[in-house]
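Step one of this worksheet: look at the structure below.
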Amino acid sequence: MRKYRMDPETGKATFAIVQAEDEISSLGMVIGASWAGARAMTSTSGPGISLMSEFAGLAYYAEIPAVIFDIQRVGPSTGLPTRTAQGDVLCAALNSHGDTRHVVLLPASAEECFDMSVAAFDLSERLQTPVFVLSDLDLGMNNWMSKPFTYPDKPFDRGKVLDEEKLKAIEAWGRYKDVDGDGVPWRSLPGTGMPAYFTRGSGHNAMAQYSEKPDDYVKNVDRLARKFDTARTLVPAPVVQRDEKASIGIIAYGSSHWAVEESRDQLREEGELATSYLRLRGYPFTPELDDFIRRHDRIYVVEQNRDAQMLSLLRMDTDPTQMARLRSVLHYNGLPIDARSITDSILAQEKVG
Amino acid sequence: MSTDAPAPVKKTNRLNLDVTSYRGSKTTLCAGCGHNAISERIIDAFFEMGVDPKRVIKLSGIGCSSKSPAYFLNPSHGFNSVHGRMPSVATGAMLANQSLLAIGVSGDGDSGAIGIGQFVHSMRRNLPLIYIIEDNGCYGLTKGQFSPTADLGSKAKNGVVNDLPPIDMCALAVELGASFVARSFSGDKKQLLSILKAAIAHRGTSMIDVISPCVTFNDHEGSTKSYAYVKDHEEPLSEISFVPYFEDISVDYEPGAATQVKMHDGSHLTLRKIAEDYNPSDKITAMRLMHESLRRGEFATGVIYIEPDKDDFLTTLNLVPEPLAFLSQSRVRPSKAVLDQLMDSLT
Amino acid sequence: MSSTLPAPAPQRTQASSSVTNDFSIQVATVNGSGSQTANLVLLRSLFQMGIPVSGKNLFPSNIAGLPTWYTIRANHRGYIARKKEIDFLVAMNPETAKDDVMSLEPGRAVVYDEPLKLDTLRSDLIFYPVPFDKIVAEVCSEAKLRRLVKNMIYDGILAELLSIDLGEMEKALTRQMGKKPKALALNLAALEGGKKYAAEHLTKRDPYRVAPLDKTAGQILVEGNAAAAMGCLFAGSRSSPGTRSRRRLRCPRR
């Protein structure tokens, strides 16, 4: 950072890096900075995500951008701090008490770590909500081959920030008013001369006033659900490789991708089993998911955790009538998943029927 | 001749604003609550100092004290965060925009219990922030349990006696390197107002512990934070007078009897000694004074410690003067050449 | 050995036939012993030869002294996920050596520190004993520095056994240590010492080898966290509070 973000004229920094005393404080700082209009991020792994729960809920409910990287490692608790896993899926997606849903990005390669990092800030500010980027130890701390990264020449999307012009255009602006129908309101930043409002984690109405009224509460959280639907149109879509002959599908995400690719070749060459493959890249789920599940007799959800967390999330958020098609391929010993384990598991489950 | 009496001229400050621009919504706290008096003083201080409300941010945690930012400075953006975590949010906000003036309101529970960790680290960092602890020795919002600043031996309304020693938030702040530490009393209008004005002028964390009696749960016989008790046991360390930089008043004082402090913005703070050995520039003296008055069951009030020229957190980060939040894309996104260079180094 | 064209996808065959650009090497060492450099040089030299590779660290939750394993996979079809089986073991850690050897499938190869006498454990593996201490004493006169260059010897051994282009190894090493001429010289000597020893004393009996390919042209080698950090940099991130994350995003952290 010091090399590339010093202002050439003054030699001063256009960034601030702070060593926070704990993860609660670090997310608090991210939220404070974002609230005041600066792009901010923090990174952690499992235990930190647990600590950040309360603030994650505040950022969701009060609608403040935040980018949080989770370099997943084996849990629960201190777990195996130097081993890899994909066990924070549910925690990240639902982080906090009450009805909370977060946007989650799932990079599978070094290149996606770069691209999704850039995208996370745009998404977070566009949607005014936290974005969790779920990487893992295998992806994060090992050396990966990659094609060189592409320079992001799309301008920053700072989202809906109130200015003079917009203020005039909106009738009676309120911080949580859905003027555009997408569930995303317009926010005013302190120190810009735009009208002030009170940010709070307690119940509020569209004007950001404290409210305990049942209607106000329901309207507000329904709008947050609508916002999550808008997120569906903005998160990275899954990558689908369809084999027309295949009656079996594989769903996977993150660094499992490489083993899945190899396994598909093994299944075809050794087991004469054709498979289609959907690689998840973001949450909330997009319409491709329902479509993919419907087209195949059996779907194997490959993941590196014991409790089939992604499958569980699919069960929660996709067509419930199709859930019987879903099965699991689970790998959770802390070593990066390998193709042979996937192949053996699928072949065994296919034999049984 | 007109029989209408001329309308009284509203007093305006140097920004041509009158005091209504500094008010907030109507309080929903109990009548007689100390916090209401503090809100009034905040309004007065910001008005008299001619601060532009649009550049102020007011933050709080959770509790009765933390509700109070709604009752002052309506034109300012507010952030009522989560219990004990106001400092981190304030830190982030100030990093994003150092031209803002931040005032954080907390309580003895919010800062002394759950928030003690963030309190400690924020004192160390010396972030430009007016940090007010509205101290009533109890958890008012949840019906009056003892807080960490409740004195040993003090009695709750239901008769329970506190058997844990209190945390002296001011002593802790001095120990941790805070650059401005003061204690006051919601009932002492003059002193509190001067302290608040000095805090506005200070560049760094101004930690102000204001004893603010809870009329509902901690204002009875046996409480050491009741109006009656505090009035009787308050020990001002000095007489405080404050002259803002934009006022041209010269203050006469006998040399040796007063400490003259020049604030970062050029304002003058005069502290005329009352307590013997009072030396607000010396940490050890400050600690001793606080401990000794505590031993006597008294509250030392006033400016306890001040270090006006200590580097604040933002200065040490060597940031560009413009708020980070409003820097243009070209200033924060490195060029393609930089990416190419990085890629080359990894090929 | 002459370089031949890469053989088409070989499966698990007998030791007599060749397995080119399709194996995993596992180096078992001790955390903090300087194996990181040797492992990265090995990884890079294969990458520079145009062979798709991955390198995976399995490190303990400790700063120094506990076992660590580095696994490199080379695969001409571009498979870079972890391979379940280890084909070529370099056993440098006495503490784990026995378990490391016992976990191998039959027909695999083991390079090991001669005094460990691992060849007594099994008869169905191909053993290459190497007197590391003797070799390092020959290439490094200063006893205090030997510990730091000892691991580079196995890179030389592997270069000989697997037909890895020594020039690429030297290039990779220079890239790591270019700014420290004395360390570079010592490590180069260790590399050459290892190769020389293998050429003069070891008879190749395992099927594994590499041959140049052209499948990595224009690519980079990078850690995911570094990539993410660069993403933040180019996304104009202004504020980055971090915590006790020694091993997390390095670049804009701290």
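The chains in the structure tokens are called A, B, ... from first to last as shown; in each chain the residues are counted from 1, and the ligands are counted from 1 in the order shown.
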
*What are the DSSP strand (DSSP E) residues of segment 55-229 of chain C, as number ranges by chain?*
C: 55-58, 67-75, 88-91, 109-113, 126-130, 208-209, 220-223

How would the residues just picked look written out with N, CA and C atoms as a compact mmCIF listing (two decimals), in the first residue's frame?
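Once written, out-v7.txt looks like this:
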```txt
# COMPACT_ATOMS: atom_id res chain seq x y z
N GLY C 55 1.41 -25.89 -5.61
CA GLY C 55 2.23 -26.12 -4.42
C GLY C 55 1.38 -25.90 -3.20
N LYS C 56 1.30 -26.89 -2.33
CA LYS C 56 0.45 -26.73 -1.14
C LYS C 56 1.25 -26.97 0.13
N ASN C 57 1.12 -26.01 1.02
CA ASN C 57 1.80 -26.03 2.30
C ASN C 57 0.90 -26.67 3.34
N LEU C 58 1.44 -27.54 4.11
CA LEU C 58 0.68 -28.05 5.25
C LEU C 58 1.53 -27.71 6.46
N PRO C 67 6.47 -30.34 12.52
CA PRO C 67 6.56 -30.84 11.14
C PRO C 67 5.78 -29.98 10.16
N THR C 68 6.30 -29.91 8.95
CA THR C 68 5.58 -29.24 7.88
C THR C 68 5.79 -30.03 6.60
N TRP C 69 4.77 -30.03 5.75
CA TRP C 69 4.86 -30.77 4.50
C TRP C 69 4.52 -29.83 3.35
N TYR C 70 5.29 -29.93 2.30
CA TYR C 70 5.00 -29.13 1.11
C TYR C 70 4.79 -30.09 -0.04
N THR C 71 3.64 -30.00 -0.68
CA THR C 71 3.32 -30.95 -1.74
C THR C 71 3.21 -30.22 -3.07
N ILE C 72 3.99 -30.67 -4.02
CA ILE C 72 3.95 -30.10 -5.36
C ILE C 72 3.30 -31.12 -6.28
N ARG C 73 2.37 -30.67 -7.05
CA ARG C 73 1.80 -31.56 -8.05
C ARG C 73 2.11 -31.01 -9.42
N ALA C 74 2.60 -31.90 -10.30
CA ALA C 74 2.83 -31.52 -11.69
C ALA C 74 1.87 -32.35 -12.53
N ASN C 75 1.18 -31.72 -13.43
CA ASN C 75 0.23 -32.50 -14.24
C ASN C 75 0.05 -31.88 -15.61
N PHE C 88 6.33 -39.17 -4.82
CA PHE C 88 7.76 -38.97 -4.57
C PHE C 88 7.93 -38.26 -3.25
N LEU C 89 8.48 -38.93 -2.28
CA LEU C 89 8.64 -38.34 -0.95
C LEU C 89 10.08 -37.90 -0.72
N VAL C 90 10.23 -36.70 -0.17
CA VAL C 90 11.56 -36.25 0.27
C VAL C 90 11.46 -36.16 1.79
N ALA C 91 12.07 -37.13 2.47
CA ALA C 91 11.90 -37.23 3.93
C ALA C 91 13.07 -36.58 4.65
N ALA C 109 8.62 -43.52 -4.68
CA ALA C 109 10.04 -43.24 -4.44
C ALA C 109 10.26 -42.38 -3.20
N VAL C 110 11.43 -42.60 -2.57
CA VAL C 110 11.75 -41.83 -1.36
C VAL C 110 13.19 -41.35 -1.41
N VAL C 111 13.39 -40.05 -1.35
CA VAL C 111 14.72 -39.48 -1.15
C VAL C 111 14.80 -39.16 0.33
N TYR C 112 15.87 -39.61 1.00
CA TYR C 112 15.90 -39.37 2.44
C TYR C 112 17.33 -39.17 2.92
N ASP C 113 17.41 -38.61 4.10
CA ASP C 113 18.69 -38.39 4.76
C ASP C 113 19.22 -39.76 5.19
N ILE C 126 11.02 -47.47 -3.71
CA ILE C 126 12.34 -47.18 -4.29
C ILE C 126 13.02 -46.14 -3.42
N PHE C 127 14.14 -46.53 -2.80
CA PHE C 127 14.80 -45.64 -1.85
C PHE C 127 16.05 -45.01 -2.43
N TYR C 128 16.21 -43.73 -2.19
CA TYR C 128 17.43 -43.01 -2.59
C TYR C 128 18.06 -42.37 -1.36
N PRO C 129 18.98 -43.06 -0.70
CA PRO C 129 19.60 -42.44 0.48
C PRO C 129 20.59 -41.37 0.07
N VAL C 130 20.61 -40.25 0.77
CA VAL C 130 21.50 -39.13 0.45
C VAL C 130 22.15 -38.63 1.73
N TYR C 208 9.24 -41.62 -12.55
CA TYR C 208 8.77 -40.23 -12.64
C TYR C 208 9.80 -39.31 -13.28
N ARG C 209 9.32 -38.46 -14.17
CA ARG C 209 10.20 -37.49 -14.79
C ARG C 209 9.39 -36.32 -15.31
N ILE C 220 1.02 -16.22 -14.12
CA ILE C 220 1.71 -15.80 -12.90
C ILE C 220 1.51 -16.85 -11.82
N LEU C 221 2.34 -16.78 -10.80
CA LEU C 221 2.16 -17.63 -9.62
C LEU C 221 1.87 -16.69 -8.46
N VAL C 222 0.77 -16.86 -7.79
CA VAL C 222 0.41 -15.90 -6.76
C VAL C 222 -0.45 -16.55 -5.69
N GLU C 223 -0.38 -16.05 -4.46
CA GLU C 223 -1.24 -16.54 -3.40
C GLU C 223 -2.60 -15.85 -3.48
```

_Counting only C-alpha atoms, a student should be able to say which residues of chain A come within 7 Å of chain C; what is the right answer, written as JSON, numbers by chain?_
{"A": [1, 14, 15, 16, 17, 18, 19, 20, 21, 22, 23, 26, 29, 30, 38, 39, 40, 41, 42, 43, 44, 81, 82, 110, 111, 113, 114, 115, 117, 118, 121, 139, 140, 141, 142, 143, 144, 145, 146, 147, 148, 258, 259, 262, 336, 337, 338, 340]}

Give me the residues of chain B that have any atom at most 12 Å from an atom of chain C; for each, the nearest atom pair and the distance in Å, rounded to one decimal. Use only C-alpha atoms, sort by chain and number, and format it as a Markdown table.
```
| residue | atom | partner | partner_atom | distance |
| --- | --- | --- | --- | --- |
| B:Ser88 | CA | C:Pro241 | CA | 10.0 |
| B:Val89 | CA | C:Pro241 | CA | 11.5 |
| B:Thr91 | CA | C:Pro241 | CA | 10.2 |
| B:Gly92 | CA | C:Ser239 | CA | 7.8 |
| B:Ala93 | CA | C:Ser239 | CA | 10.0 |
| B:Met94 | CA | C:Ser239 | CA | 10.7 |
| B:Leu95 | CA | C:Ser239 | CA | 7.3 |
| B:Ala96 | CA | C:Ser239 | CA | 7.4 |
| B:Asn97 | CA | C:Arg238 | CA | 10.8 |
| B:Leu317 | CA | C:Ser239 | CA | 11.4 |
| B:Leu319 | CA | C:Arg238 | CA | 10.5 |
| B:Val320 | CA | C:Arg238 | CA | 11.5 |
| B:Pro323 | CA | C:Arg238 | CA | 10.2 |
| B:Leu324 | CA | C:Arg238 | CA | 6.4 |
| B:Ala325 | CA | C:Arg238 | CA | 7.6 |
| B:Phe326 | CA | C:Arg238 | CA | 10.3 |
| B:Leu327 | CA | C:Arg238 | CA | 9.3 |
| B:Ser328 | CA | C:Gly236 | CA | 9.4 |
| B:Gln329 | CA | C:Gly236 | CA | 7.1 |
| B:Ser330 | CA | C:Gly236 | CA | 9.0 |
| B:Arg331 | CA | C:Gly236 | CA | 8.4 |
| B:Val332 | CA | C:Gly236 | CA | 4.8 |
| B:Arg333 | CA | C:Phe234 | CA | 5.0 |
| B:Pro334 | CA | C:Phe234 | CA | 6.1 |
| B:Ser335 | CA | C:Phe234 | CA | 8.4 |
| B:Lys336 | CA | C:Phe234 | CA | 9.4 |
| B:Ala337 | CA | C:Phe234 | CA | 11.8 |
| B:Val338 | CA | C:Phe234 | CA | 9.6 |
| B:Leu339 | CA | C:Phe234 | CA | 8.5 |
| B:Asp340 | CA | C:Ile220 | CA | 11.4 |
| B:Gln341 | CA | C:Ile220 | CA | 11.9 |
| B:Leu342 | CA | C:Met230 | CA | 9.0 |
| B:Met343 | CA | C:Ile220 | CA | 6.8 |
| B:Asp344 | CA | C:Ile220 | CA | 8.0 |
| B:Ser345 | CA | C:Ile220 | CA | 8.5 |
| B:Leu346 | CA | C:Ile220 | CA | 5.2 |
| B:Thr347 | CA | C:Ile220 | CA | 4.2 |
```

*How would you write, as a VMD selection string, the set of residues in segment 85-168 of chain A that DSSP gives as helix (DSSP H, G or I)?*
chain A and resid 89 to 94 110 to 127 137 to 141 164 to 168

Go ahead and write the residues just picked, N, CA and C atoms, as a CSV table (one decimal), in the first residue's frame.
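See out-v8.csv below for the written result:
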```csv
chain,number,residue,atom,x,y,z
A,89,VAL,N,-20.0,-21.1,5.6
A,89,VAL,CA,-21.0,-20.7,4.7
A,89,VAL,C,-22.3,-20.2,5.4
A,90,LEU,N,-22.8,-21.0,6.2
A,90,LEU,CA,-24.1,-20.6,6.9
A,90,LEU,C,-23.8,-19.4,7.8
A,91,CYS,N,-22.7,-19.4,8.5
A,91,CYS,CA,-22.4,-18.3,9.4
A,91,CYS,C,-22.3,-17.0,8.6
A,92,ALA,N,-21.6,-17.0,7.5
A,92,ALA,CA,-21.5,-15.8,6.7
A,92,ALA,C,-22.8,-15.4,6.1
A,93,ALA,N,-23.6,-16.3,5.6
A,93,ALA,CA,-24.8,-15.9,4.9
A,93,ALA,C,-25.9,-15.4,5.9
A,94,LEU,N,-25.9,-15.9,7.1
A,94,LEU,CA,-26.9,-15.5,8.1
A,94,LEU,C,-26.4,-14.8,9.3
A,110,ALA,N,-7.1,-17.6,-7.9
A,110,ALA,CA,-6.4,-16.4,-7.5
A,110,ALA,C,-7.0,-15.2,-8.3
A,111,GLU,N,-7.3,-15.5,-9.6
A,111,GLU,CA,-7.9,-14.4,-10.4
A,111,GLU,C,-9.3,-13.9,-9.9
A,112,GLU,N,-10.1,-14.9,-9.4
A,112,GLU,CA,-11.4,-14.5,-8.8
A,112,GLU,C,-11.2,-13.8,-7.5
A,113,CYS,N,-10.1,-14.2,-6.8
A,113,CYS,CA,-9.8,-13.4,-5.5
A,113,CYS,C,-9.6,-11.9,-5.9
A,114,PHE,N,-9.0,-11.7,-6.9
A,114,PHE,CA,-8.7,-10.3,-7.4
A,114,PHE,C,-10.0,-9.7,-7.9
A,115,ASP,N,-10.7,-10.3,-8.8
A,115,ASP,CA,-11.9,-9.7,-9.4
A,115,ASP,C,-13.0,-9.6,-8.4
A,116,MET,N,-13.2,-10.6,-7.6
A,116,MET,CA,-14.3,-10.5,-6.7
A,116,MET,C,-14.0,-9.5,-5.5
A,117,SER,N,-12.8,-9.3,-5.3
A,117,SER,CA,-12.4,-8.3,-4.3
A,117,SER,C,-12.8,-6.9,-4.8
A,118,VAL,N,-12.5,-6.6,-6.1
A,118,VAL,CA,-12.9,-5.4,-6.7
A,118,VAL,C,-14.5,-5.3,-6.7
A,119,ALA,N,-15.1,-6.4,-7.1
A,119,ALA,CA,-16.6,-6.4,-7.2
A,119,ALA,C,-17.2,-6.2,-5.8
A,120,ALA,N,-16.6,-6.7,-4.8
A,120,ALA,CA,-17.2,-6.7,-3.5
A,120,ALA,C,-17.5,-5.2,-3.0
A,121,PHE,N,-16.6,-4.3,-3.3
A,121,PHE,CA,-16.7,-2.9,-2.9
A,121,PHE,C,-17.9,-2.3,-3.6
A,122,ASP,N,-18.0,-2.6,-4.9
A,122,ASP,CA,-19.1,-2.0,-5.7
A,122,ASP,C,-20.4,-2.5,-5.2
A,123,LEU,N,-20.5,-3.8,-5.0
A,123,LEU,CA,-21.7,-4.5,-4.6
A,123,LEU,C,-22.1,-3.9,-3.2
A,124,SER,N,-21.2,-3.8,-2.3
A,124,SER,CA,-21.4,-3.4,-1.0
A,124,SER,C,-22.0,-2.0,-0.9
A,125,GLU,N,-21.4,-1.1,-1.7
A,125,GLU,CA,-21.9,0.3,-1.7
A,125,GLU,C,-23.2,0.4,-2.5
A,126,ARG,N,-23.3,-0.4,-3.6
A,126,ARG,CA,-24.6,-0.4,-4.4
A,126,ARG,C,-25.8,-0.8,-3.6
A,127,LEU,N,-25.5,-1.9,-2.8
A,127,LEU,CA,-26.6,-2.5,-2.0
A,127,LEU,C,-26.7,-2.0,-0.6
A,137,LEU,N,-8.1,-21.3,3.4
A,137,LEU,CA,-6.6,-21.3,3.6
A,137,LEU,C,-5.9,-21.9,2.4
A,138,ASP,N,-6.5,-22.9,1.7
A,138,ASP,CA,-5.9,-23.5,0.5
A,138,ASP,C,-5.7,-22.4,-0.6
A,139,LEU,N,-6.8,-21.7,-0.8
A,139,LEU,CA,-6.7,-20.7,-1.9
A,139,LEU,C,-5.9,-19.5,-1.4
A,140,GLY,N,-6.0,-19.1,-0.2
A,140,GLY,CA,-5.4,-17.9,0.3
A,140,GLY,C,-3.9,-18.0,0.5
A,141,MET,N,-3.4,-19.1,1.0
A,141,MET,CA,-2.0,-19.1,1.4
A,141,MET,C,-1.1,-20.0,0.6
A,164,GLU,N,-27.1,17.3,-4.1
A,164,GLU,CA,-28.1,18.4,-4.2
A,164,GLU,C,-29.2,18.0,-5.3
A,165,GLU,N,-28.7,17.6,-6.4
A,165,GLU,CA,-29.6,17.3,-7.5
A,165,GLU,C,-30.6,16.2,-7.2
A,166,LYS,N,-30.1,15.1,-6.6
A,166,LYS,CA,-31.0,14.0,-6.2
A,166,LYS,C,-32.0,14.5,-5.1
A,167,LEU,N,-31.5,15.3,-4.2
A,167,LEU,CA,-32.3,15.7,-3.1
A,167,LEU,C,-33.5,16.5,-3.7
A,168,LYS,N,-33.2,17.3,-4.7
A,168,LYS,CA,-34.3,18.1,-5.3
A,168,LYS,C,-35.3,17.2,-6.0
```

*asked:* What's around Ile250 of chain A at 6 Å? Count only C-alpha atoms, leave out sequence neighbours fewer than 5 positions away in its own chain, and write the answer as a VMD selection string.
replied: chain A and resid 277 299 to 301

Selection from above, C-alpha atoms, as a PDB file, in the first residue's frame, can you write it?
```
ATOM      1  CA  TYR A 277     -21.318 -28.947 -13.345  1.00  0.00           C
ATOM      2  CA  ILE A 299     -27.237 -33.445  -7.844  1.00  0.00           C
ATOM      3  CA  TYR A 300     -24.053 -33.892  -5.846  1.00  0.00           C
ATOM      4  CA  VAL A 301     -23.191 -30.877  -3.755  1.00  0.00           C
TER       5      VAL A 301
END
```

*For segment 33-49 of chain B, work out the shell of residues within 8 Å, counting only C-alpha atoms and skipping chain neighbours fewer than 6 positions away, then give it as a PyMOL selection string.*
chain B and resi 13+17-19+22-23+27+65+68-69+71-73+134+186-187+189+192-194+196-197+200+211-215+244

Export of the given selection (N, CA and C atoms) as a short mmCIF file (atom, residue, chain, number, x, y, z; two decimals), in the first residue's frame:
```
data_model
loop_
_atom_site.label_atom_id
_atom_site.label_comp_id
_atom_site.auth_asym_id
_atom_site.auth_seq_id
_atom_site.Cartn_x
_atom_site.Cartn_y
_atom_site.Cartn_z
N ASN B 13 -24.54 33.39 16.86
CA ASN B 13 -23.11 33.19 17.05
C ASN B 13 -22.36 33.68 15.81
N LEU B 17 -25.90 31.76 13.35
CA LEU B 17 -26.93 30.80 13.72
C LEU B 17 -27.40 31.11 15.13
N ASP B 18 -28.69 30.88 15.38
CA ASP B 18 -29.12 31.02 16.77
C ASP B 18 -29.19 29.64 17.40
N VAL B 19 -29.48 29.61 18.66
CA VAL B 19 -29.32 28.36 19.41
C VAL B 19 -30.28 27.26 18.94
N TYR B 22 -29.00 24.33 17.16
CA TYR B 22 -28.17 23.38 17.88
C TYR B 22 -29.00 22.43 18.74
N ARG B 23 -30.32 22.64 18.70
CA ARG B 23 -31.17 21.81 19.56
C ARG B 23 -31.50 20.49 18.87
N THR B 27 -36.65 15.51 24.78
CA THR B 27 -36.11 14.38 25.50
C THR B 27 -37.21 13.42 25.93
N SER B 65 -27.85 7.14 28.46
CA SER B 65 -26.92 8.16 27.99
C SER B 65 -26.88 8.16 26.47
N SER B 68 -29.27 10.12 24.39
CA SER B 68 -29.26 11.59 24.44
C SER B 68 -28.82 12.31 23.17
N PRO B 69 -27.98 11.75 22.30
CA PRO B 69 -27.64 12.50 21.08
C PRO B 69 -28.85 12.89 20.24
N TYR B 71 -31.25 14.36 21.45
CA TYR B 71 -31.78 15.55 22.08
C TYR B 71 -30.90 16.77 21.91
N PHE B 72 -29.87 16.66 21.08
CA PHE B 72 -29.09 17.85 20.73
C PHE B 72 -28.65 17.72 19.27
N LEU B 73 -28.33 18.87 18.68
CA LEU B 73 -27.79 18.93 17.32
C LEU B 73 -28.57 18.13 16.27
N GLU B 134 -21.62 9.66 30.63
CA GLU B 134 -22.66 10.19 31.50
C GLU B 134 -22.82 9.17 32.61
N SER B 186 -23.28 17.04 36.31
CA SER B 186 -24.35 17.61 35.48
C SER B 186 -24.97 18.84 36.12
N GLY B 187 -24.83 18.95 37.44
CA GLY B 187 -25.41 20.10 38.13
C GLY B 187 -24.53 21.33 38.15
N LYS B 189 -23.23 23.83 36.11
CA LYS B 189 -23.39 24.41 34.76
C LYS B 189 -22.11 25.04 34.24
N LEU B 192 -19.01 22.62 33.66
CA LEU B 192 -19.22 21.70 32.55
C LEU B 192 -19.16 22.42 31.20
N LEU B 193 -19.74 23.61 31.18
CA LEU B 193 -19.74 24.38 29.93
C LEU B 193 -18.31 24.72 29.50
N SER B 194 -17.49 25.16 30.46
CA SER B 194 -16.10 25.50 30.13
C SER B 194 -15.34 24.28 29.64
N LEU B 196 -16.55 21.61 28.22
CA LEU B 196 -17.01 21.22 26.87
C LEU B 196 -16.40 22.11 25.81
N LYS B 197 -16.32 23.40 26.10
CA LYS B 197 -15.74 24.30 25.10
C LYS B 197 -14.27 23.99 24.88
N ILE B 200 -14.00 21.05 22.68
CA ILE B 200 -14.21 21.38 21.26
C ILE B 200 -12.93 21.92 20.65
N ILE B 211 -20.62 13.18 36.23
CA ILE B 211 -21.53 12.51 37.16
C ILE B 211 -22.92 13.04 36.88
N SER B 212 -23.80 12.12 36.61
CA SER B 212 -25.11 12.52 36.10
C SER B 212 -26.17 11.68 36.80
N PRO B 213 -26.67 12.15 37.93
CA PRO B 213 -27.52 11.30 38.76
C PRO B 213 -28.76 10.76 38.05
N CYS B 214 -29.04 9.50 38.35
CA CYS B 214 -30.23 8.85 37.81
C CYS B 214 -31.35 9.03 38.81
N VAL B 215 -32.27 9.94 38.52
CA VAL B 215 -33.32 10.26 39.48
C VAL B 215 -34.21 9.07 39.80
N PRO B 244 -12.35 31.38 23.69
CA PRO B 244 -12.11 30.81 22.36
C PRO B 244 -11.21 31.72 21.53
#
```

*asked:* Please report the interatomic distance between atom CA of Ile208 of chain B and atom CA of Pro75 of chain B in Å with one decimal.
replied: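 Atom-to-atom, atom CA of Ile208 of chain B and atom CA of Pro75 of chain B are spaced 23.4 Å apart.
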
*Counting only C-alpha atoms, which residues from chain A have an atom at most 9 Å from any atom of chain B, and could you show them as JSON, numbers by chain?*
{"A": [4, 5, 6, 7, 10, 11, 12, 13, 14, 15, 16, 17, 18, 20, 21, 24, 25, 26, 27, 28, 29, 30, 31, 32, 33, 34, 35, 36, 37, 38, 39, 40, 54, 55, 58, 148, 149, 150, 151, 152, 153, 155, 156, 188, 189, 190, 191, 192, 193, 194, 195, 196, 197, 198, 199, 200, 201, 202]}

*Between atom CA of Ile71 of chain A and atom CA of Thr84 of chain A - distance in Å to one decimal*: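 Atom-to-atom, atom CA of Thr84 of chain A and atom CA of Ile71 of chain A are spaced 8.8 Å apart.
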
*asked:* Which residue is closest to His331 of chain A? Choose from A:Glu270, A:Leu280, A:Val103, A:Gly87 and count only C-alpha atoms.
replied: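 Between A:Glu270, A:Leu280, A:Val103, A:Gly87, the residue approaching His331 of chain A most closely is A:Gly87.
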